[in-house]
file start-v4.cif (mmCIF, C-alpha atoms)
data_query
#
loop_
_atom_site.group_PDB
_atom_site.id
_atom_site.type_symbol
_atom_site.label_atom_id
_atom_site.label_comp_id
_atom_site.auth_asym_id
_atom_site.auth_seq_id
_atom_site.Cartn_x
_atom_site.Cartn_y
_atom_site.Cartn_z
ATOM 1 C CA ILE A 1 0.000 0.000 0.000
ATOM 2 C CA TYR A 2 2.793 2.473 0.857
ATOM 3 C CA SER A 3 6.343 2.791 -0.406
ATOM 4 C CA LEU A 4 7.913 2.066 2.915
ATOM 5 C CA SER A 5 11.492 2.755 3.707
ATOM 6 C CA LYS A 6 11.064 0.636 6.816
ATOM 7 C CA GLY A 7 8.344 -1.367 8.461
ATOM 8 C CA TYR A 8 8.234 -4.059 11.104
ATOM 9 C CA CYS A 9 5.802 -5.648 13.537
ATOM 10 C CA VAL A 10 5.839 -5.637 17.321
ATOM 11 C CA SER A 11 3.128 -7.432 19.335
ATOM 12 C CA GLY A 12 0.588 -7.281 16.503
ATOM 13 C CA LEU A 13 1.265 -3.630 15.750
ATOM 14 C CA LYS A 14 3.032 -2.634 12.560
ATOM 15 C CA LEU A 15 5.313 0.378 12.330
ATOM 16 C CA ILE A 16 5.073 2.244 9.043
ATOM 17 C CA ARG A 17 7.463 4.921 7.861
ATOM 18 C CA PHE A 18 6.148 7.257 5.160
ATOM 19 C CA GLY A 19 9.442 8.281 3.574
ATOM 20 C CA SER A 20 8.158 11.047 1.311
ATOM 21 C CA ILE A 21 5.266 13.367 0.617
ATOM 22 C CA ASP A 22 4.224 11.088 -2.254
ATOM 23 C CA CYS A 23 3.967 8.163 0.172
ATOM 24 C CA LEU A 24 1.817 10.275 2.481
ATOM 25 C CA ARG A 25 -0.435 11.230 -0.416
ATOM 26 C CA SER A 26 -0.778 7.582 -1.457
ATOM 27 C CA GLY A 27 -2.022 6.754 2.037
ATOM 28 C CA TYR A 28 -4.147 9.875 2.502
ATOM 29 C CA ALA A 29 -7.403 7.971 3.132
ATOM 30 C CA ASP A 30 -5.880 6.003 6.038
ATOM 31 C CA TRP A 31 -4.162 9.131 7.422
ATOM 32 C CA ASP A 32 -7.357 11.200 7.252
ATOM 33 C CA ASP A 33 -9.368 8.378 8.832
ATOM 34 C CA LEU A 34 -6.948 8.455 11.788
ATOM 35 C CA TRP A 35 -7.214 12.261 11.929
ATOM 36 C CA ARG A 36 -11.026 11.960 12.227
ATOM 37 C CA ARG A 37 -10.716 9.402 15.046
ATOM 38 C CA SER A 38 -8.163 11.499 16.968
ATOM 39 C CA ASP A 39 -8.846 14.544 19.091
ATOM 40 C CA ALA A 40 -6.607 16.695 16.880
ATOM 41 C CA THR A 41 -8.590 19.700 15.717
ATOM 42 C CA LEU A 42 -6.386 21.449 13.177
ATOM 43 C CA PRO A 43 -7.537 20.719 9.615
ATOM 44 C CA SER A 44 -3.886 21.090 8.594
ATOM 45 C CA GLY A 45 -3.239 17.739 10.292
ATOM 46 C CA ARG A 46 -4.933 15.937 7.410
ATOM 47 C CA ALA A 47 -2.735 14.423 4.693
ATOM 48 C CA GLU A 48 -3.250 16.833 1.789
ATOM 49 C CA PRO A 49 -2.877 20.118 3.751
ATOM 50 C CA LEU A 50 0.176 18.615 5.479
ATOM 51 C CA ALA A 51 1.731 17.640 2.137
ATOM 52 C CA ASP A 52 0.958 21.081 0.672
ATOM 53 C CA TRP A 53 2.533 22.808 3.683
ATOM 54 C CA VAL A 54 5.760 20.818 3.421
ATOM 55 C CA GLU A 55 5.976 21.406 -0.346
ATOM 56 C CA HIS A 56 5.381 25.135 0.066
ATOM 57 C CA PHE A 57 7.417 25.992 3.180
ATOM 58 C CA MET A 58 10.116 23.266 3.211
ATOM 59 C CA PRO A 59 10.305 21.869 -0.326
ATOM 60 C CA THR A 60 13.854 20.529 -0.035
ATOM 61 C CA ALA A 61 13.558 19.194 3.524
ATOM 62 C CA LYS A 62 13.620 15.483 4.267
ATOM 63 C CA PHE A 63 10.118 14.334 5.252
ATOM 64 C CA THR A 64 9.317 11.310 7.402
ATOM 65 C CA ALA A 65 6.050 10.362 9.032
ATOM 66 C CA LEU A 66 5.929 7.518 11.506
ATOM 67 C CA ALA A 67 2.680 5.627 11.920
ATOM 68 C CA VAL A 68 1.484 2.569 13.800
ATOM 69 C CA GLU A 69 -1.061 0.220 12.267
ATOM 70 C CA ASP A 70 -3.260 -2.256 14.106
ATOM 71 C CA ARG A 71 -5.300 -4.765 12.042
ATOM 72 C CA GLY A 72 -5.195 -2.592 8.919
ATOM 73 C CA ARG A 73 -6.015 0.736 10.628
ATOM 74 C CA LEU A 74 -3.609 3.481 11.588
ATOM 75 C CA ILE A 75 -3.881 4.201 15.317
ATOM 76 C CA ALA A 76 -1.022 6.679 15.840
ATOM 77 C CA ALA A 77 1.079 8.922 13.607
ATOM 78 C CA LEU A 78 3.667 11.681 13.832
ATOM 79 C CA PRO A 79 4.873 13.752 10.845
ATOM 80 C CA LEU A 80 8.440 15.112 10.928
ATOM 81 C CA VAL A 81 10.581 17.281 8.647
ATOM 82 C CA GLU A 82 14.294 17.946 8.759
ATOM 83 C CA GLN A 83 15.197 21.395 10.034
ATOM 84 C CA ARG A 84 18.500 23.219 10.217
ATOM 85 C CA PRO A 85 18.327 26.017 12.800
ATOM 86 C CA ALA A 86 22.103 26.446 12.464
ATOM 87 C CA PRO A 87 24.561 25.332 9.734
ATOM 88 C CA PHE A 88 26.061 22.673 12.002
ATOM 89 C CA LEU A 89 22.783 21.405 13.513
ATOM 90 C CA LYS A 90 20.384 19.008 11.820
ATOM 91 C CA LEU A 91 17.227 18.025 13.670
ATOM 92 C CA GLY A 92 13.796 16.590 13.079
ATOM 93 C CA GLY A 93 10.769 18.631 13.925
ATOM 94 C CA MET A 94 7.088 19.069 13.483
ATOM 95 C CA PRO A 95 5.919 20.879 10.353
ATOM 96 C CA PHE A 96 5.619 24.234 12.088
ATOM 97 C CA ASN A 97 6.410 27.867 11.538
ATOM 98 C CA PRO A 98 5.356 31.038 13.396
ATOM 99 C CA TRP A 99 2.375 31.502 11.092
ATOM 100 C CA GLU A 100 0.919 28.036 11.010
ATOM 101 C CA ALA A 101 1.256 24.771 12.825
ATOM 102 C CA CYS A 102 0.777 21.924 10.409
ATOM 103 C CA GLY A 103 0.586 18.260 11.158
ATOM 104 C CA ASP A 104 0.070 16.935 14.628
ATOM 105 C CA LEU A 105 0.543 13.886 16.786
ATOM 106 C CA LEU A 106 -2.456 11.789 15.805
ATOM 107 C CA VAL A 107 -3.719 9.178 18.248
ATOM 108 C CA ASP A 108 -6.878 7.128 17.782
ATOM 109 C CA ALA A 109 -9.156 8.152 20.656
ATOM 110 C CA THR A 110 -11.112 4.892 20.310
ATOM 111 C CA ALA A 111 -8.126 2.533 20.669
ATOM 112 C CA ASP A 112 -5.774 1.554 23.480
ATOM 113 C CA SER A 113 -2.803 3.591 22.334
ATOM 114 C CA THR A 114 -0.215 2.702 24.992
ATOM 115 C CA ALA A 115 1.604 0.049 22.952
ATOM 116 C CA ALA A 116 1.288 2.137 19.774
ATOM 117 C CA LEU A 117 2.857 5.189 21.404
ATOM 118 C CA ASP A 118 5.609 2.997 22.875
ATOM 119 C CA LEU A 119 6.395 1.691 19.380
ATOM 120 C CA LEU A 120 6.327 5.227 17.962
ATOM 121 C CA ALA A 121 8.620 6.503 20.733
ATOM 122 C CA SER A 122 11.101 3.634 20.310
ATOM 123 C CA GLU A 123 11.393 4.419 16.595
ATOM 124 C CA LEU A 124 12.334 8.055 17.294
ATOM 125 C CA ASP A 125 15.736 6.888 18.517
ATOM 126 C CA ARG A 126 16.335 5.165 15.151
ATOM 127 C CA LEU A 127 15.816 8.298 13.049
ATOM 128 C CA ASP A 128 18.698 10.113 11.367
ATOM 129 C CA TRP A 129 18.307 13.123 13.657
ATOM 130 C CA PRO A 130 20.121 13.344 16.999
ATOM 131 C CA LEU A 131 17.524 15.822 18.281
ATOM 132 C CA LEU A 132 13.795 16.308 17.803
ATOM 133 C CA TRP A 133 12.017 19.617 18.254
ATOM 134 C CA LEU A 134 8.296 18.968 18.483
ATOM 135 C CA SER A 135 6.973 22.527 18.380
ATOM 136 C CA GLY A 136 3.262 22.706 17.948
ATOM 137 C CA LEU A 137 2.332 19.846 20.261
ATOM 138 C CA ARG A 138 -0.008 20.865 23.062
ATOM 139 C CA PRO A 139 1.839 19.454 26.098
ATOM 140 C CA HIS A 140 -1.206 19.422 28.383
ATOM 141 C CA SER A 141 -3.434 17.433 26.018
ATOM 142 C CA GLU A 142 -4.139 13.831 26.953
ATOM 143 C CA ARG A 143 -2.434 12.451 23.828
ATOM 144 C CA CYS A 144 0.744 14.448 24.496
ATOM 145 C CA ARG A 145 0.855 13.371 28.126
ATOM 146 C CA SER A 146 0.462 9.767 26.939
ATOM 147 C CA PHE A 147 3.274 10.341 24.427
ATOM 148 C CA GLN A 148 5.506 11.785 27.169
ATOM 149 C CA ALA A 149 4.811 8.681 29.270
ATOM 150 C CA ALA A 150 5.829 6.524 26.281
ATOM 151 C CA LEU A 151 9.068 8.517 25.951
ATOM 152 C CA GLN A 152 9.789 7.847 29.618
ATOM 153 C CA ARG A 153 9.050 4.119 29.275
ATOM 154 C CA THR A 154 11.447 3.843 26.326
ATOM 155 C CA GLY A 155 14.151 5.734 28.212
ATOM 156 C CA LEU A 156 14.352 8.728 25.875
ATOM 157 C CA ASP A 157 15.257 12.061 27.396
ATOM 158 C CA TYR A 158 12.908 14.924 26.672
ATOM 159 C CA GLU A 159 12.033 18.345 27.970
ATOM 160 C CA VAL A 160 8.767 20.228 27.711
ATOM 161 C CA VAL A 161 9.318 23.937 27.216
ATOM 162 C CA PRO A 162 6.304 26.223 26.806
ATOM 163 C CA HIS A 163 6.326 28.001 23.448
ATOM 164 C CA CYS A 164 5.001 31.182 25.039
ATOM 165 C CA ARG A 165 3.104 32.345 28.073
ATOM 166 C CA LEU A 166 0.037 34.460 27.706
ATOM 167 C CA GLY A 167 -0.712 37.136 30.270
ATOM 168 C CA VAL A 168 -4.193 37.042 31.730
ATOM 169 C CA LEU A 169 -5.831 39.948 33.487
ATOM 170 C CA ASN A 170 -8.125 39.245 36.382
ATOM 171 C CA LEU A 171 -10.812 41.878 35.987
ATOM 172 C CA THR A 172 -13.300 41.816 38.849
ATOM 173 C CA GLY A 173 -15.190 44.917 37.916
ATOM 174 C CA ASP A 174 -15.475 47.514 35.218
ATOM 175 C CA TRP A 175 -12.838 48.331 32.671
ATOM 176 C CA GLU A 176 -12.590 52.056 33.590
ATOM 177 C CA PRO A 177 -11.431 51.544 37.232
ATOM 178 C CA TYR A 178 -8.841 49.060 36.002
ATOM 179 C CA LEU A 179 -7.472 51.545 33.456
ATOM 180 C CA ALA A 180 -7.402 54.322 36.064
ATOM 181 C CA HIS A 181 -4.961 52.297 38.178
ATOM 182 C CA ARG A 182 -2.562 51.643 35.304
ATOM 183 C CA SER A 183 0.497 53.818 34.834
ATOM 184 C CA PRO A 184 0.123 56.571 32.190
ATOM 185 C CA LYS A 185 2.633 54.727 29.953
ATOM 186 C CA LEU A 186 0.384 51.667 29.752
ATOM 187 C CA ARG A 187 -2.913 53.483 29.172
#
call {"tool": "encode", "arguments": {"input": "start-v4.cif", "output": "structure tokens"}}
result
Amino acid sequence: IYSLSKGYCVSGLKLIRFGSIDCLRSGYADWDDLWRRSDATLPSGRAEPLADWVEHFMPTAKFTALAVEDRGRLIAALPLVEQRPAPFLKLGGMPFNPWEACGDLLVDATADSTAALDLLASELDRLDWPLLWLSGLRPHSERCRSFQAALQRTGLDYEVVPHCRLGVLNLTGDWEPYLAHRSPKLR
């Protein structure tokens, strides 16, 4: 079904590596079916928008998507592209830029994903990149916490760093009294 650069089975689950955008496009129906069964909400996590994003923003970058199949259905997937934040540093990362996050960690919400995420996490150590930068993942979502637990079980080191912090004002009254207490520079 896919032009796999690598694939093997572990405890009934099959690891699939989509080695190119063309491979992703050939398996778009399976990928999009997984997207619908996951709690991912960005439409750009579907196969065609993901492929378009990579072709537009990173056309020469190496693309790899890891997926886990159980009885003919994908139950977990993670798209990655090669990034070079410095001339001497090569890393794998999520398809992400400051304007749009594209792709996502997809996990079937209807399946027991523990073994699938363990298989996905164990494959990360076999990739060509010594470092992964998974910008765009929502670290407090259930699927990301499950993925972090899988990383721990496989012994991979990781760190969760918030992308940004948003300031929140606690307004317990009207807007005008709040503004009156602000310094003139902030009004």
call {"tool": "closest_atom_pairs", "arguments": {"input": "start-v4.cif", "of": "stretch 4-116 of chain A", "to": "stretch 146-156 of chain A", "cutoff": "9 Å", "atoms": "only C-alpha atoms", "output": "tab-separated table"}}
result
residue	atom	partner	partner_atom	distance
A:Leu105	CA	A:Phe147	CA	8.9
A:Ser113	CA	A:Ser146	CA	8.4
A:Thr114	CA	A:Ala150	CA	7.3
A:Ala115	CA	A:Ala150	CA	8.4
call {"tool": "resolve_selection", "arguments": {"input": "start-v4.cif", "expression": "the PyMOL selection byres ((chain A and resi 42) around 10)", "output": "ChimeraX atom specification"}}
result
/A:35,39-41,43-46,101-104
call {"tool": "resolve_selection", "arguments": {"input": "start-v4.cif", "expression": "the PyMOL selection byres ((chain A and resi 33) around 10)", "output": "PDB file with C-alpha atoms, in the frame of the given file"}}
result
ATOM      1  CA  TYR A  28      -4.147   9.875   2.502  1.00  0.00           C
ATOM      2  CA  ALA A  29      -7.403   7.971   3.132  1.00  0.00           C
ATOM      3  CA  ASP A  30      -5.880   6.003   6.038  1.00  0.00           C
ATOM      4  CA  TRP A  31      -4.162   9.131   7.422  1.00  0.00           C
ATOM      5  CA  ASP A  32      -7.357  11.200   7.252  1.00  0.00           C
ATOM      6  CA  LEU A  34      -6.948   8.455  11.788  1.00  0.00           C
ATOM      7  CA  TRP A  35      -7.214  12.261  11.929  1.00  0.00           C
ATOM      8  CA  ARG A  36     -11.026  11.960  12.227  1.00  0.00           C
ATOM      9  CA  ARG A  37     -10.716   9.402  15.046  1.00  0.00           C
ATOM     10  CA  SER A  38      -8.163  11.499  16.968  1.00  0.00           C
ATOM     11  CA  ARG A  46      -4.933  15.937   7.410  1.00  0.00           C
ATOM     12  CA  ALA A  47      -2.735  14.423   4.693  1.00  0.00           C
ATOM     13  CA  ARG A  73      -6.015   0.736  10.628  1.00  0.00           C
ATOM     14  CA  LEU A  74      -3.609   3.481  11.588  1.00  0.00           C
ATOM     15  CA  ILE A  75      -3.881   4.201  15.317  1.00  0.00           C
ATOM     16  CA  ASP A 108      -6.878   7.128  17.782  1.00  0.00           C
TER      17      ASP A 108
END
call {"tool": "closest_residue", "arguments": {"input": "start-v4.cif", "among": "A:Arg71, A:Lys90, A:Lys62, A:Arg165", "to": "A:Leu132", "atoms": "only C-alpha atoms"}}
result
A:Lys90
call {"tool": "resolve_selection", "arguments": {"input": "start-v4.cif", "expression": "the PyMOL selection byres ((chain A and resi 116) around 9)", "output": "ChimeraX atom specification"}}
result
/A:13-15,67-70,75-76,107,112-115,117-121
